[in-house]
>>> print(open('input_13.txt').read())   # compact mmCIF, C-alpha atoms and all ligand atoms
# COMPACT_ATOMS: atom_id res chain seq x y z
CA MET S 1 22.53 -61.40 -15.53
CA PRO S 2 19.19 -63.22 -15.37
CA LEU S 3 17.23 -62.89 -12.14
CA ASN S 4 16.49 -66.16 -10.38
CA ASN S 5 14.28 -64.63 -7.77
CA GLN S 6 12.48 -61.36 -7.13
CA MET S 7 10.51 -59.77 -4.35
CA LYS S 8 8.92 -56.45 -3.58
CA LEU S 9 8.17 -55.25 -0.07
CA GLU S 10 6.13 -52.20 0.82
CA PHE S 11 5.61 -50.99 4.39
CA LEU S 12 4.62 -48.00 6.51
CA SER S 13 7.24 -45.36 7.31
CA ILE S 14 7.49 -46.11 11.02
CA PRO S 15 10.67 -46.87 13.00
CA ALA S 16 9.45 -50.36 13.96
CA ASN S 17 9.75 -51.32 10.30
CA ILE S 18 13.47 -50.62 10.07
CA SER S 19 14.31 -53.86 11.78
CA PHE S 20 11.50 -55.64 9.91
CA ALA S 21 12.88 -54.46 6.56
CA ARG S 22 16.45 -55.44 7.33
CA ALA S 23 15.41 -58.89 8.55
CA THR S 24 13.27 -59.42 5.44
CA VAL S 25 16.04 -58.47 3.05
CA ALA S 26 18.48 -60.68 4.97
CA ALA S 27 16.06 -63.62 4.84
CA PHE S 28 15.68 -63.15 1.09
CA ALA S 29 19.44 -62.72 0.54
CA SER S 30 20.15 -65.87 2.54
CA GLN S 31 19.00 -67.86 -0.51
CA LEU S 32 22.48 -67.09 -1.87
CA GLU S 33 25.63 -68.36 -0.18
CA PHE S 34 26.35 -65.24 1.83
CA THR S 35 28.14 -65.47 5.15
CA LEU S 36 26.57 -64.15 8.33
CA SER S 37 28.92 -61.16 8.21
CA ASP S 38 27.94 -60.42 4.63
CA LEU S 39 24.32 -60.37 5.75
CA GLU S 40 25.15 -58.14 8.72
CA GLU S 41 26.62 -55.61 6.31
CA VAL S 42 23.65 -55.83 3.95
CA LYS S 43 21.42 -55.24 6.97
CA VAL S 44 23.33 -52.11 7.95
CA ALA S 45 22.94 -50.74 4.42
CA VAL S 46 19.20 -51.46 4.44
CA SER S 47 18.77 -49.81 7.85
CA GLU S 48 20.56 -46.69 6.66
CA ALA S 49 18.51 -46.39 3.49
CA VAL S 50 15.19 -47.08 5.21
CA SER S 51 15.88 -44.70 8.07
CA ASN S 52 16.85 -42.02 5.57
CA SER S 53 13.45 -42.45 3.91
CA ILE S 54 11.68 -42.20 7.27
CA ILE S 55 13.68 -39.31 8.71
CA HIS S 56 14.64 -37.24 5.68
CA GLY S 57 12.23 -38.37 2.97
CA TYR S 58 9.07 -38.33 5.07
CA ARG S 59 10.24 -36.19 8.04
CA ASN S 60 8.87 -38.86 10.37
CA ALA S 61 5.34 -38.83 8.96
CA PRO S 62 4.12 -42.32 9.98
CA ASP S 63 1.53 -42.80 7.23
CA ARG S 64 3.69 -42.97 4.11
CA PHE S 65 5.05 -46.03 2.34
CA ILE S 66 8.57 -47.23 1.60
CA LYS S 67 9.22 -49.79 -1.13
CA ILE S 68 12.04 -52.25 -1.36
CA TYR S 69 12.66 -54.22 -4.50
CA ALA S 70 15.15 -57.10 -4.36
CA GLY S 71 16.42 -59.47 -7.02
CA LEU S 72 18.83 -62.39 -6.94
CA THR S 73 21.06 -63.38 -9.81
CA GLU S 74 23.21 -66.48 -9.43
CA ASN S 75 25.66 -64.62 -7.18
CA THR S 76 24.35 -61.11 -6.56
CA LEU S 77 21.71 -59.42 -4.46
CA GLU S 78 20.28 -56.36 -6.18
CA LEU S 79 18.41 -53.87 -4.06
CA SER S 80 16.41 -50.74 -4.55
CA ILE S 81 14.87 -48.73 -1.72
CA GLU S 82 12.35 -46.06 -2.66
CA ASP S 83 10.25 -43.37 -1.06
CA ASP S 84 8.12 -40.65 -2.55
CA GLY S 85 9.10 -38.07 -0.03
CA ARG S 86 10.91 -34.74 -0.14
CA GLY S 87 13.80 -35.81 -2.35
CA ILE S 88 17.41 -34.61 -2.33
CA GLU S 89 18.45 -31.21 -3.71
CA ASP S 90 22.11 -31.96 -4.35
CA ILE S 91 22.89 -35.66 -4.56
CA ASP S 92 26.68 -35.30 -4.89
CA ARG S 93 26.79 -33.26 -1.74
CA ALA S 94 24.47 -35.66 0.12
CA LEU S 95 26.85 -38.52 -0.67
CA GLN S 96 29.84 -36.76 0.90
CA PRO S 97 31.05 -38.15 4.23
CA ALA S 98 29.75 -36.12 7.19
CA PHE S 99 27.28 -34.17 5.07
CA THR S 100 23.89 -33.97 6.74
CA THR S 101 20.93 -31.61 6.67
CA ASP S 102 20.16 -32.55 10.27
CA PRO S 103 22.66 -31.16 12.78
CA GLU S 104 21.89 -34.00 15.18
CA ARG S 105 23.02 -36.66 12.72
CA LEU S 106 26.44 -37.86 11.59
CA GLY S 107 26.04 -37.82 7.83
CA LEU S 108 27.52 -41.31 7.47
CA GLY S 109 24.56 -43.27 6.11
CA PHE S 110 25.64 -43.13 2.50
CA VAL S 111 29.24 -43.83 3.52
CA PHE S 112 28.12 -47.09 5.10
CA MET S 113 26.01 -48.01 2.08
CA GLN S 114 28.92 -47.27 -0.22
CA SER S 115 31.43 -49.28 1.76
CA PHE S 116 29.23 -52.30 2.49
CA MET S 117 27.56 -52.55 -0.91
CA GLU S 118 28.56 -52.23 -4.55
CA ASN S 119 27.28 -49.96 -7.32
CA LEU S 120 25.49 -47.47 -5.09
CA GLN S 121 23.29 -45.27 -7.23
CA VAL S 122 21.02 -42.53 -5.94
CA ASP S 123 18.21 -41.03 -8.01
CA SER S 124 16.12 -38.28 -6.53
CA LEU S 125 13.80 -35.46 -7.50
CA PRO S 126 13.05 -32.72 -4.96
CA GLY S 127 9.41 -32.99 -3.97
CA ARG S 128 9.03 -36.35 -5.73
CA GLY S 129 11.14 -38.88 -3.92
CA THR S 130 14.33 -40.87 -3.73
CA MET S 131 15.47 -44.22 -5.04
CA VAL S 132 18.66 -45.81 -3.74
CA ARG S 133 20.03 -48.75 -5.69
CA MET S 134 22.86 -51.00 -4.65
CA SER S 135 24.03 -54.56 -4.99
CA ARG S 136 26.14 -57.09 -3.17
CA ARG S 137 28.00 -60.00 -4.71
CA VAL S 138 28.65 -63.28 -2.89
CA GLY S 139 32.30 -63.34 -1.89
CA ALA S 140 32.76 -59.57 -2.27
CA GLY S 141 33.17 -59.06 1.49
CA ALA S 142 35.88 -61.71 1.78
CA VAL S 143 37.86 -60.18 -1.08
CA GLN S 144 37.58 -56.67 0.32
CA ASN S 145 38.52 -57.92 3.73
CA SER S 146 41.66 -59.70 2.68
CA ARG S 147 42.63 -56.56 0.79
CA GLU S 148 42.33 -54.56 4.00
CA HIS S 149 44.68 -56.74 6.03
CA MET R 1 -10.00 -51.75 14.58
CA PRO R 2 -7.45 -49.22 13.36
CA LEU R 3 -4.33 -50.62 11.74
CA ASN R 4 -1.08 -49.66 13.45
CA ASN R 5 1.12 -51.19 10.80
CA GLN R 6 0.80 -52.52 7.27
CA MET R 7 2.99 -54.30 4.77
CA LYS R 8 2.66 -55.83 1.34
CA LEU R 9 4.98 -58.52 0.03
CA GLU R 10 5.11 -59.77 -3.54
CA PHE R 11 7.37 -62.61 -4.68
CA LEU R 12 7.92 -65.19 -7.40
CA SER R 13 6.02 -68.46 -7.26
CA ILE R 14 8.99 -70.70 -6.50
CA PRO R 15 9.32 -73.20 -3.62
CA ALA R 16 12.33 -71.35 -2.13
CA ASN R 17 9.97 -68.48 -1.32
CA ILE R 18 7.73 -70.54 0.95
CA SER R 19 10.25 -70.30 3.75
CA PHE R 20 10.98 -66.67 2.88
CA ALA R 21 7.28 -65.75 3.02
CA ARG R 22 6.62 -67.49 6.31
CA ALA R 23 9.69 -65.93 7.93
CA THR R 24 8.67 -62.48 6.67
CA VAL R 25 5.13 -62.74 7.97
CA ALA R 26 6.42 -64.07 11.30
CA ALA R 27 8.95 -61.22 11.55
CA PHE R 28 6.17 -58.71 10.90
CA ALA R 29 3.81 -60.41 13.37
CA SER R 30 6.57 -60.43 15.99
CA GLN R 31 5.83 -56.74 16.56
CA LEU R 32 2.83 -57.97 18.57
CA GLU R 33 3.24 -59.96 21.80
CA PHE R 34 2.80 -63.39 20.27
CA THR R 35 4.49 -66.47 21.72
CA LEU R 36 6.84 -68.61 19.63
CA SER R 37 4.10 -71.25 19.39
CA ASP R 38 1.66 -68.65 18.08
CA LEU R 39 4.21 -67.66 15.46
CA GLU R 40 4.85 -71.31 14.55
CA GLU R 41 1.16 -71.73 13.85
CA VAL R 42 0.99 -68.55 11.81
CA LYS R 43 3.95 -69.85 9.81
CA VAL R 44 2.24 -73.14 9.09
CA ALA R 45 -0.84 -71.29 7.85
CA VAL R 46 1.27 -69.07 5.59
CA SER R 47 3.19 -72.07 4.22
CA GLU R 48 -0.03 -73.85 3.39
CA ALA R 49 -1.58 -70.86 1.64
CA VAL R 50 1.57 -70.01 -0.31
CA SER R 51 2.20 -73.59 -1.37
CA ASN R 52 -1.42 -73.84 -2.51
CA SER R 53 -0.84 -70.81 -4.74
CA ILE R 54 2.33 -72.34 -6.15
CA ILE R 55 1.03 -75.87 -6.64
CA HIS R 56 -2.66 -75.43 -7.37
CA GLY R 57 -2.96 -71.78 -8.42
CA TYR R 58 0.04 -71.68 -10.72
CA ARG R 59 0.63 -75.42 -11.26
CA ASN R 60 4.30 -74.90 -10.44
CA ALA R 61 4.90 -72.21 -13.06
CA PRO R 62 7.92 -70.40 -11.56
CA ASP R 63 7.36 -67.00 -13.19
CA ARG R 64 4.14 -65.86 -11.53
CA PHE R 65 3.70 -63.65 -8.49
CA ILE R 66 2.11 -64.22 -5.10
CA LYS R 67 1.03 -61.29 -2.93
CA ILE R 68 0.74 -61.16 0.80
CA TYR R 69 -0.88 -58.27 2.58
CA ALA R 70 -0.52 -58.01 6.37
CA GLY R 71 -1.89 -55.56 8.87
CA LEU R 72 -1.52 -55.22 12.61
CA THR R 73 -4.16 -53.83 14.92
CA GLU R 74 -3.35 -53.45 18.60
CA ASN R 75 -3.75 -57.19 19.17
CA THR R 76 -4.43 -58.88 15.83
CA LEU R 77 -2.51 -59.93 12.74
CA GLU R 78 -4.61 -59.71 9.60
CA LEU R 79 -3.42 -61.59 6.56
CA SER R 80 -4.37 -61.97 2.95
CA ILE R 81 -2.56 -64.25 0.50
CA GLU R 82 -3.37 -63.83 -3.18
CA ASP R 83 -2.54 -65.36 -6.51
CA ASP R 84 -3.99 -64.77 -9.95
CA GLY R 85 -3.85 -68.38 -10.93
CA ARG R 86 -6.42 -71.01 -11.86
CA GLY R 87 -8.84 -70.35 -9.04
CA ILE R 88 -11.13 -72.79 -7.23
CA GLU R 89 -14.30 -74.20 -8.78
CA ASP R 90 -16.11 -75.17 -5.60
CA ILE R 91 -14.81 -73.39 -2.53
CA ASP R 92 -16.99 -75.23 -0.01
CA ARG R 93 -15.74 -78.54 -1.27
CA ALA R 94 -12.11 -77.35 -1.31
CA LEU R 95 -12.41 -76.42 2.37
CA GLN R 96 -13.52 -79.92 3.38
CA PRO R 97 -10.97 -82.04 5.25
CA ALA R 98 -9.16 -84.49 2.97
CA PHE R 99 -10.52 -82.91 -0.21
CA THR R 100 -7.78 -82.47 -2.80
CA THR R 101 -7.61 -82.26 -6.57
CA ASP R 102 -4.13 -83.78 -6.45
CA PRO R 103 -4.14 -87.49 -5.54
CA GLU R 104 -0.61 -87.19 -4.13
CA ARG R 105 -1.66 -84.65 -1.53
CA LEU R 106 -3.49 -84.90 1.78
CA GLY R 107 -6.11 -82.19 1.40
CA LEU R 108 -5.35 -80.78 4.84
CA GLY R 109 -4.00 -77.31 4.00
CA PHE R 110 -7.25 -75.47 4.63
CA VAL R 111 -7.84 -77.56 7.75
CA PHE R 112 -4.55 -76.31 9.18
CA MET R 113 -5.34 -72.72 8.24
CA GLN R 114 -8.74 -73.00 9.83
CA SER R 115 -7.49 -74.49 13.05
CA PHE R 116 -4.45 -72.25 13.50
CA MET R 117 -6.04 -68.97 12.41
CA GLU R 118 -9.33 -67.16 12.89
CA ASN R 119 -11.88 -65.87 10.38
CA LEU R 120 -10.63 -67.86 7.40
CA GLN R 121 -12.27 -66.54 4.26
CA VAL R 122 -11.59 -67.80 0.74
CA ASP R 123 -12.52 -65.83 -2.36
CA SER R 124 -11.81 -67.31 -5.75
CA LEU R 125 -12.83 -67.04 -9.37
CA PRO R 126 -11.96 -69.88 -11.76
CA GLY R 127 -9.39 -68.60 -14.24
CA ARG R 128 -8.85 -65.42 -12.25
CA GLY R 129 -7.25 -66.27 -8.95
CA THR R 130 -7.65 -66.90 -5.26
CA MET R 131 -7.50 -64.74 -2.15
CA VAL R 132 -7.25 -66.32 1.27
CA ARG R 133 -7.87 -64.08 4.25
CA MET R 134 -7.33 -64.95 7.87
CA SER R 135 -6.39 -63.36 11.15
CA ARG R 136 -4.79 -64.24 14.44
CA ARG R 137 -5.33 -62.55 17.76
CA VAL R 138 -2.71 -62.33 20.50
CA GLY R 139 -3.69 -64.76 23.24
CA ALA R 140 -5.99 -66.78 21.00
CA GLY R 141 -3.69 -69.81 21.04
CA ALA R 142 -3.41 -69.84 24.81
CA VAL R 143 -7.19 -69.80 25.23
CA GLN R 144 -7.67 -72.60 22.73
CA ASN R 145 -4.93 -74.56 24.44
CA SER R 146 -6.34 -74.28 27.93
CA ARG R 147 -9.78 -75.22 26.57
CA GLU R 148 -8.25 -78.42 25.23
CA HIS R 149 -6.96 -79.60 28.62
CA VAL V 1 34.25 -48.14 8.80
CA GLY V 2 37.08 -50.69 8.55
CA GLU V 3 36.88 -51.09 12.33
CA ILE V 4 33.15 -51.67 12.26
CA ARG V 5 33.53 -54.08 9.38
CA ARG V 6 36.06 -56.14 11.32
CA PHE V 7 33.88 -55.98 14.40
CA LEU V 8 30.92 -57.34 12.44
CA ARG V 9 32.89 -60.00 10.60
CA ASP V 10 32.25 -63.61 11.34
CA ASP V 11 32.80 -65.76 8.30
CA ASN V 12 30.41 -68.61 8.82
CA PRO V 13 28.43 -69.69 5.80
CA VAL V 14 24.94 -68.62 6.72
CA LYS V 15 22.85 -71.57 5.66
CA VAL V 16 22.77 -74.04 8.52
CA SER V 17 25.83 -72.37 10.03
CA ARG V 18 27.02 -73.29 13.48
CA SER V 19 26.29 -69.90 14.96
CA VAL V 20 22.76 -69.82 13.57
CA LYS V 21 22.17 -73.24 15.17
CA GLU V 22 23.64 -71.98 18.43
CA THR V 23 21.37 -68.96 18.42
CA ALA V 24 18.35 -71.15 17.74
CA TYR V 25 19.39 -73.43 20.60
CA LYS V 26 19.78 -70.46 22.96
CA ILE V 27 16.33 -69.23 21.98
CA GLN V 28 14.76 -72.60 22.81
CA GLN V 29 16.64 -72.73 26.13
CA THR V 30 15.45 -69.24 27.03
CA ARG V 31 11.92 -70.14 26.06
CA GLU V 32 11.97 -73.10 28.50
CA LEU V 33 13.61 -71.08 31.23
CA LEU V 34 11.06 -68.29 30.99
CA THR V 35 8.17 -70.75 30.78
CA ALA V 36 9.29 -72.22 34.10
CA ARG V 37 9.85 -68.80 35.64
CA LEU V 38 6.59 -67.22 34.45
CA GLY V 39 4.34 -70.25 34.59
CA ARG V 40 3.22 -69.60 30.99
CA GLU V 41 4.79 -69.40 27.58
CA PRO V 42 6.86 -66.22 27.20
CA THR V 43 6.08 -63.75 24.43
CA ILE V 44 8.60 -63.10 21.70
CA GLY V 45 9.26 -59.69 23.27
CA GLU V 46 10.20 -61.33 26.57
CA ILE V 47 12.60 -63.73 24.85
CA ALA V 48 14.10 -60.90 22.80
CA GLY V 49 14.66 -58.86 25.98
CA GLU V 50 16.31 -61.77 27.77
CA LEU V 51 18.70 -62.48 24.87
CA SER V 52 19.27 -58.88 23.69
CA LEU V 53 18.28 -59.88 20.18
CA SER V 54 15.66 -58.18 18.02
CA ARG V 55 12.33 -59.96 17.60
CA GLU V 56 13.04 -60.34 13.90
CA GLU V 57 16.46 -61.85 14.53
CA ILE V 58 14.82 -64.48 16.69
CA VAL V 59 12.32 -65.30 13.97
CA ASN V 60 15.04 -65.52 11.31
CA ALA V 61 17.35 -67.65 13.43
CA LEU V 62 14.55 -70.15 14.08
CA GLU V 63 13.61 -70.24 10.41
CA ALA V 64 17.22 -70.67 9.24
CA ALA V 65 17.86 -73.45 11.75
CA GLN V 66 14.89 -75.46 10.58
CA THR V 67 15.41 -75.44 6.83
CA PRO V 68 14.23 -77.19 4.79
CA ALA V 69 10.89 -76.06 6.13
CA SER V 70 8.62 -78.69 4.59
CA ILE V 71 8.63 -81.92 2.71
CA TYR V 72 7.51 -80.02 -0.35
CA GLU V 73 10.55 -77.77 -0.21
CA THR V 74 12.86 -80.74 0.37
CA LEU V 75 11.52 -82.38 -2.74
CA HIS V 76 11.84 -79.27 -4.83
CA GLN V 77 15.17 -77.83 -3.78
N1 LIG N 201 15.50 -40.66 1.32
C1 LIG N 201 15.95 -39.39 1.44
N2 LIG N 201 15.12 -38.35 1.24
C2 LIG N 201 15.54 -37.07 1.36
N3 LIG N 201 16.80 -36.75 1.72
C3 LIG N 201 17.69 -37.73 1.94
C4 LIG N 201 17.31 -39.09 1.83
N4 LIG N 201 18.40 -39.86 2.10
C5 LIG N 201 19.40 -38.99 2.36
N5 LIG N 201 18.98 -37.72 2.28
C6 LIG N 201 19.81 -36.49 2.49
O1 LIG N 201 21.18 -36.88 2.43
C7 LIG N 201 21.84 -36.50 3.63
C8 LIG N 201 22.93 -37.49 3.95
O2 LIG N 201 22.39 -38.76 4.30
P1 LIG N 201 23.22 -39.74 5.23
O3 LIG N 201 24.56 -39.93 4.63
O4 LIG N 201 22.42 -40.94 5.50
O5 LIG N 201 23.43 -38.90 6.59
P2 LIG N 201 22.39 -38.56 7.76
O6 LIG N 201 21.18 -39.45 7.61
O7 LIG N 201 23.13 -38.84 9.01
O8 LIG N 201 22.02 -37.12 7.58
C9 LIG N 201 20.75 -36.38 4.67
O9 LIG N 201 21.11 -35.50 5.73
C10 LIG N 201 19.58 -35.85 3.84
O10 LIG N 201 19.68 -34.46 3.65
N1 LIG N 202 -4.59 -71.02 -4.47
C1 LIG N 202 -5.31 -72.02 -5.01
N2 LIG N 202 -5.58 -72.03 -6.33
C2 LIG N 202 -6.31 -73.03 -6.89
N3 LIG N 202 -6.81 -74.05 -6.19
C3 LIG N 202 -6.58 -74.11 -4.87
C4 LIG N 202 -5.82 -73.10 -4.22
N4 LIG N 202 -5.77 -73.41 -2.89
C5 LIG N 202 -6.44 -74.55 -2.75
N5 LIG N 202 -6.94 -75.00 -3.92
C6 LIG N 202 -7.79 -76.20 -4.14
O1 LIG N 202 -8.28 -76.63 -2.87
C7 LIG N 202 -7.90 -77.99 -2.63
C8 LIG N 202 -7.67 -78.21 -1.15
O2 LIG N 202 -6.55 -77.49 -0.68
P1 LIG N 202 -5.76 -78.01 0.60
O3 LIG N 202 -6.74 -78.16 1.73
O4 LIG N 202 -4.61 -77.12 0.85
O5 LIG N 202 -5.29 -79.47 0.21
P2 LIG N 202 -4.10 -79.93 -0.78
O6 LIG N 202 -3.22 -78.75 -1.06
O7 LIG N 202 -3.40 -81.01 -0.03
O8 LIG N 202 -4.76 -80.42 -2.02
C9 LIG N 202 -6.68 -78.20 -3.49
O9 LIG N 202 -6.50 -79.57 -3.81
C10 LIG N 202 -7.01 -77.35 -4.72
O10 LIG N 202 -7.85 -78.03 -5.61
MG MG N 203 21.19 -41.42 7.18
MG MG N 204 -2.58 -77.40 0.28
>>> encode(input="input_13.txt", output="structure tokens", more="lines below")
Ligand SMILES: Nc1ncnc2c1ncn2[C@@H]1O[C@H](COP(=O)(O)OP(=O)(O)O)[C@@H](O)[C@H]1O
Ligand SMILES: Nc1ncnc2c1ncn2[C@@H]1O[C@H](COP(=O)(O)OP(=O)(O)O)[C@@H](O)[C@H]1O
Ligand SMILES: [Mg+2]
Ligand SMILES: [Mg+2]
Amino acid sequence: MPLNNQMKLEFLSIPANISFARATVAAFASQLEFTLSDLEEVKVAVSEAVSNSIIHGYRNAPDRFIKIYAGLTENTLELSIEDDGRGIEDIDRALQPAFTTDPERLGLGFVFMQSFMENLQVDSLPGRGTMVRMSRRVGAGAVQNSREH
Amino acid sequence: MPLNNQMKLEFLSIPANISFARATVAAFASQLEFTLSDLEEVKVAVSEAVSNSIIHGYRNAPDRFIKIYAGLTENTLELSIEDDGRGIEDIDRALQPAFTTDPERLGLGFVFMQSFMENLQVDSLPGRGTMVRMSRRVGAGAVQNSREH
Amino acid sequence: VGEIRRFLRDDNPVKVSRSVKETAYKIQQTRELLTARLGREPTIGEIAGELSLSREEIVNALEAAQTPASIYETLHQ
């Protein structure tokens, strides 16, 4: 599908930028006819991916950069969130519910991304970095929701 | 002054992104203790610079990119807005109130930037592009305001 | 996750939606209230604290409630 709009955002790996990144993606996505709840879910997915980059990718080093690329087709938001941090050893395992390498965490970040977004794809190379791609179609939330009830 | 935060935003040169860009810069700037009026003024300055890049720099070509760089010191937002469009022949003349190369426009964009922001600096090379830099200090608006009364 | 999804759900169309307008209205009200209380314009942090919203949410609500943002955008959208 042709892209009607594109943006790239790059920012420092500090916690203050989690809410900045989610607000920026939501503002961009609001060019499509998403509902407020759709955008809330997109924001949760962005928070999870960005905090993973900060916490796991960069182990809280505050001087690294995280990149978000976003595109809009006529009815879909496409997202990619990238760091060049530590990377993930075993991606399949990382995607499993409740798997975490940090005993203080819940291991649900990827579960949220998977359930709120479509086509989650994780590419990673240990020592090189991680790229999380996902998309969200207008109307997808409503469909999923009516299926749940 | 050391930068406590930095971000770079790149987006397509289409009118829909004027509002996106101003909201993004305002969201980033909101990490400092600006007032809503301060942020309104910053947004006007961003709108003017971005629409100049779209209209004058790229002559409304919708497939070019505009870059915004923003940094935060303890009390100042630093901004740079760049295009690689047509550029400006005579910068001093372009900065003059009511000067415009487009008879349908008012020629007040730079006047707004200059009055709402500090340290406006314009670099441009004909055929290469334009970079507009400006900054805004927390509390600057209040001072200006009380001076006016 | 289903629970959280239902908790978050609120199916207003986002552009110029009623709840975005309401949030923007509340922000302006709070701004006036705090201006009176403090004797100066409140900072965005003070408004965010009063409303339990993030600073960025305040910025986005104000932006969404005022679209289209300029005559130029009106003409070109
Ligand atoms: N950007 C990343 N860089 C390195 N490791 C990551 C990254 N994102 C996720 N991981 C790994 O995947 C695991 C699962 O992630 P997630 O589901 O978000 O759970 P949690 O963050 O609670 O640990 C993390 O514990 C971490 O080991
Ligand atoms: N990014 C830019 N690229 C090329 N020319 C520019 C750019 N920004 C401003 N200019 C030139 O400077 C002039 C004055 O700009 P401005 O004060 O914003 O007034 P206006 O946009 O109403 O013409 C414009 O008419 C244009 O010729
Ligand atoms: Mg996580
Ligand atoms: Mg102008």
>>> closest_atom_pairs(input="input_13.txt", of="chain R", to="chain V", cutoff="8 Å", atoms="all atoms listed in the file", output="JSON lines")
{"residue": "R:Pro15", "atom": "CA", "partner": "V:Glu73", "partner_atom": "CA", "distance": 5.8}
{"residue": "R:Ala16", "atom": "CA", "partner": "V:Glu73", "partner_atom": "CA", "distance": 6.9}
{"residue": "R:Ile18", "atom": "CA", "partner": "V:Glu73", "partner_atom": "CA", "distance": 7.8}
{"residue": "R:Ser19", "atom": "CA", "partner": "V:Ala69", "partner_atom": "CA", "distance": 6.3}
{"residue": "R:Ala23", "atom": "CA", "partner": "V:Glu63", "partner_atom": "CA", "distance": 6.3}
{"residue": "R:Ala26", "atom": "CA", "partner": "V:Val59", "partner_atom": "CA", "distance": 6.6}
{"residue": "R:Ala27", "atom": "CA", "partner": "V:Glu56", "partner_atom": "CA", "distance": 4.8}
{"residue": "R:Phe28", "atom": "CA", "partner": "V:Glu56", "partner_atom": "CA", "distance": 7.7}
{"residue": "R:Ser30", "atom": "CA", "partner": "V:Arg55", "partner_atom": "CA", "distance": 6.0}
{"residue": "R:Gln31", "atom": "CA", "partner": "V:Arg55", "partner_atom": "CA", "distance": 7.3}
{"residue": "R:Glu33", "atom": "CA", "partner": "V:Thr43", "partner_atom": "CA", "distance": 5.4}
{"residue": "R:Phe34", "atom": "CA", "partner": "V:Thr43", "partner_atom": "CA", "distance": 5.3}
{"residue": "R:Thr35", "atom": "CA", "partner": "V:Thr43", "partner_atom": "CA", "distance": 4.2}
{"residue": "R:Leu36", "atom": "CA", "partner": "V:Ile44", "partner_atom": "CA", "distance": 6.1}
>>> residues_near_ligand(input="input_13.txt", ligand="ligand LIG 202 (chain N)", cutoff="9 Å", atoms="only C-alpha atoms and all ligand atoms", output="ChimeraX atom specification")
/R:48-59,81-91,93-113,122,124,126,129-132
>>> residues_around(input="input_13.txt", residues="Tyr69 in chain R", least_positions_apart="6", cutoff="8 Å", atoms="only C-alpha atoms", output="list in words")
Gln6, Met7, Lys8, Leu9, Leu79, Ser80 and Ile81 of chain R
>>> axis_aligned_box(input="input_13.txt", around="range 28-46 of chain R", padding_each_side="3 Å", output="JSON")
{"center_x": 3.0, "center_y": -64.9, "center_z": 13.7, "size_x": 13.7, "size_y": 22.4, "size_z": 22.2}
>>> closest_residue(input="input_13.txt", among="R:Ile68, R:Met1, R:Leu12, R:Ala21", to="chain S", atoms="only C-alpha atoms")
R:Leu12
>>> closest_residue(input="input_13.txt", among="S:Thr24, S:Ser115, S:Asn17, S:Asn4", to="ligand LIG 201 (chain N)", atoms="all atoms listed in the file")
S:Ser115
>>> closest_residue(input="input_13.txt", among="S:Leu72, S:Val42, S:Leu77, S:Met117", to="chain R", atoms="only C-alpha atoms")
S:Leu72
>>> atom_distance(input="input_13.txt", atom1="CA of Arg64 in chain R", atom2="CA of Ser13 in chain R")
5.3 Å
>>> closest_residue(input="input_13.txt", among="S:Asn119, S:Pro2, S:Glu10, S:Val44", to="ligand MG 203 (chain N)", atoms="all atoms listed in the file")
S:Val44
>>> atom_distance(input="input_13.txt", atom1="CA of Ile14 in chain R", atom2="CA of Asp63 in chain R")
7.8 Å
>>> atom_distance(input="input_13.txt", atom1="CA of Glu118 in chain S", atom2="CA of Val25 in chain S")
15.9 Å
